[in-house]
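Please read the structure below before turning to the comments.
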Amino acid sequence: MITKNQILEAQKNWGNGIVKIGTLMNNNSDCIEFTTSFLNDMYDFKNGEILFKPTKASKEQFRSKFEMALSYFLGGENSYCSEDDGFAMKPWIEVEFINSGFIIEKNRALAMGNYFFKSKDQAVVKVEYTFGYKLRDNRLVIDLHHSSLPYSG
């Protein structure tokens, strides 16, 4: 059975990974290597379809392929998706999850809420999220990731 603590740990690991990607931005090979490992550890790309709707995507809103997720986080001149400027390359210094709620089943869980990204200049960006997790080999992996900026009217 999935526990709330497992979800909280997965969220902590995800946030720490986003921060680490940004710290590697000046070492291209290490950055690509870490981000590839991060995506393979955190997401279930190897075992099935992923539903990934990143925050700052408008032309290619939905990213079902590994290469599309890598492009979103790293961006760059030869990005898989031309609109990507590298979300994790801000760089962020902290990611904090504030959960609104959970739906937890035996091998599946959903979490929804806001997460806050803090930049070096202490600016904070609030983003709404829904993550879907599944239990694979006794650890949680993400198979649903939806992020969006709050409605601004």
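Note on naming: chains are A, B, ... as they come in the structure tokens, residues start from 1 per chain, ligands start from 1 in the order shown.
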
Could you name the residues that touch Asn16 (chain A) at 12 Å or less, counting only C-alpha atoms, but leaving out those on the same chain fewer than 3 positions away, as number ranges by chain? A: 9-13, 19-23, 35, 38, 42, 88, 91-97, 117

Would you pick out the contacts of Met25 (chain A) at 12 Å or less, using only C-alpha atoms, so that residues sharing its chain but fewer than 5 positions from it are not included, and give the list as a ChimeraX atom specification? /A:18-20,30-35,73-76,86-92

Writing out the chosen residues with N, CA and C atoms as a CSV table (one decimal), in the first residue's frame:
chain,number,residue,atom,x,y,z
A,18,ILE,N,15.1,19.0,-9.3
A,18,ILE,CA,15.0,20.2,-10.1
A,18,ILE,C,16.1,21.2,-9.7
A,19,VAL,N,16.3,21.4,-8.4
A,19,VAL,CA,17.3,22.3,-7.9
A,19,VAL,C,18.7,21.8,-8.4
A,20,LYS,N,19.0,20.6,-8.3
A,20,LYS,CA,20.3,20.1,-8.7
A,20,LYS,C,20.6,20.3,-10.2
A,30,ASP,N,27.5,16.8,-17.5
A,30,ASP,CA,27.0,16.4,-16.2
A,30,ASP,C,25.5,16.7,-16.1
A,31,CYS,N,25.1,17.8,-16.6
A,31,CYS,CA,23.7,18.2,-16.5
A,31,CYS,C,22.8,17.3,-17.3
A,32,ILE,N,23.2,16.9,-18.5
A,32,ILE,CA,22.4,16.0,-19.3
A,32,ILE,C,22.4,14.6,-18.6
A,33,GLU,N,23.5,14.2,-18.1
A,33,GLU,CA,23.6,12.9,-17.4
A,33,GLU,C,22.7,12.8,-16.2
A,34,PHE,N,22.8,13.9,-15.4
A,34,PHE,CA,22.0,13.9,-14.2
A,34,PHE,C,20.5,13.9,-14.5
A,35,THR,N,20.1,14.8,-15.4
A,35,THR,CA,18.7,15.0,-15.8
A,35,THR,C,18.1,13.7,-16.4
A,73,PHE,N,12.9,20.4,-19.4
A,73,PHE,CA,13.7,20.7,-18.2
A,73,PHE,C,15.0,21.4,-18.6
A,74,LEU,N,15.6,21.0,-19.7
A,74,LEU,CA,16.9,21.5,-20.1
A,74,LEU,C,16.9,22.6,-21.1
A,75,GLY,N,16.0,22.6,-22.1
A,75,GLY,CA,15.9,23.6,-23.1
A,75,GLY,C,17.2,23.5,-24.0
A,76,GLY,N,17.5,24.7,-24.5
A,76,GLY,CA,18.8,24.8,-25.3
A,76,GLY,C,18.5,24.9,-26.8
A,86,GLY,N,14.3,25.6,-21.0
A,86,GLY,CA,14.9,25.0,-19.9
A,86,GLY,C,14.3,25.4,-18.5
A,87,PHE,N,13.2,24.8,-18.2
A,87,PHE,CA,12.5,25.2,-16.9
A,87,PHE,C,13.4,25.1,-15.7
A,88,ALA,N,14.2,24.0,-15.6
A,88,ALA,CA,15.1,23.7,-14.5
A,88,ALA,C,16.4,24.6,-14.5
A,89,MET,N,16.6,25.3,-15.6
A,89,MET,CA,17.8,26.1,-15.7
A,89,MET,C,17.7,27.5,-15.2
A,90,LYS,N,16.6,27.8,-14.5
A,90,LYS,CA,16.4,29.2,-14.0
A,90,LYS,C,17.6,29.8,-13.4
A,91,PRO,N,18.4,29.2,-12.5
A,91,PRO,CA,18.1,28.0,-11.8
A,91,PRO,C,17.2,28.3,-10.5
A,92,TRP,N,16.6,27.2,-10.0
A,92,TRP,CA,15.8,27.3,-8.8
A,92,TRP,C,16.7,26.9,-7.6

Which residues in region 41-125 of chain A does DSSP call strand (DSSP E)? List them as an MDAnalysis selection string. chainID A and resid 51:53 92:104 108:119 124:125

Can I get the selection written as a PDB file, in the first residue's frame, with C-alpha atoms?
ATOM      1  CA  LEU A  51       0.850  12.003 -19.173  1.00  0.00           C
ATOM      2  CA  PHE A  52       3.051  15.094 -18.793  1.00  0.00           C
ATOM      3  CA  LYS A  53       1.689  18.615 -19.175  1.00  0.00           C
ATOM      4  CA  TRP A  92      15.797  27.340  -8.802  1.00  0.00           C
ATOM      5  CA  ILE A  93      17.246  27.186  -5.301  1.00  0.00           C
ATOM      6  CA  GLU A  94      14.230  25.643  -3.576  1.00  0.00           C
ATOM      7  CA  VAL A  95      11.018  23.803  -4.432  1.00  0.00           C
ATOM      8  CA  GLU A  96       8.289  23.510  -1.800  1.00  0.00           C
ATOM      9  CA  PHE A  97       5.148  21.389  -2.178  1.00  0.00           C
ATOM     10  CA  ILE A  98       1.956  22.428  -0.370  1.00  0.00           C
ATOM     11  CA  ASN A  99      -0.500  19.607  -0.887  1.00  0.00           C
ATOM     12  CA  SER A 100      -4.222  20.226  -1.139  1.00  0.00           C
ATOM     13  CA  GLY A 101      -5.062  16.549  -0.940  1.00  0.00           C
ATOM     14  CA  PHE A 102      -4.292  12.958  -1.806  1.00  0.00           C
ATOM     15  CA  ILE A 103      -6.119   9.979  -3.212  1.00  0.00           C
ATOM     16  CA  ILE A 104      -4.236   6.878  -2.145  1.00  0.00           C
ATOM     17  CA  ARG A 108      -1.691   4.116  -7.214  1.00  0.00           C
ATOM     18  CA  ALA A 109      -1.877   7.609  -5.731  1.00  0.00           C
ATOM     19  CA  LEU A 110      -2.717  11.151  -6.783  1.00  0.00           C
ATOM     20  CA  ALA A 111      -1.525  14.345  -5.148  1.00  0.00           C
ATOM     21  CA  MET A 112      -2.735  17.861  -5.941  1.00  0.00           C
ATOM     22  CA  GLY A 113      -1.800  21.277  -4.679  1.00  0.00           C
ATOM     23  CA  ASN A 114       0.641  24.096  -5.262  1.00  0.00           C
ATOM     24  CA  TYR A 115       4.361  24.024  -5.482  1.00  0.00           C
ATOM     25  CA  PHE A 116       6.547  27.051  -5.096  1.00  0.00           C
ATOM     26  CA  PHE A 117       9.793  27.606  -6.974  1.00  0.00           C
ATOM     27  CA  LYS A 118      12.266  30.028  -5.422  1.00  0.00           C
ATOM     28  CA  SER A 119      14.965  31.629  -7.605  1.00  0.00           C
ATOM     29  CA  VAL A 124       8.848  32.825  -5.786  1.00  0.00           C
ATOM     30  CA  VAL A 125       6.683  31.358  -8.543  1.00  0.00           C
TER      31      VAL A 125
END

Sel. of alpha helix (DSSP H) residues, region 2-48 of chain A, as an MDAnalysis selection string: chainID A and resid 4:23 28:42

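Nearest residue to Ser58 (chain A), choosing from A:Asn78, A:Gln6, A:Asn138, A:Ser148 and counting only C-alpha atoms: A:Ser148.
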
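Of the residues under consideration (A:Ser37, A:Thr130, A:Asn107, A:Gln122), A:Asn107 shows the shortest atom-to-atom contact distance to Thr3 (chain A) when counting only C-alpha atoms.
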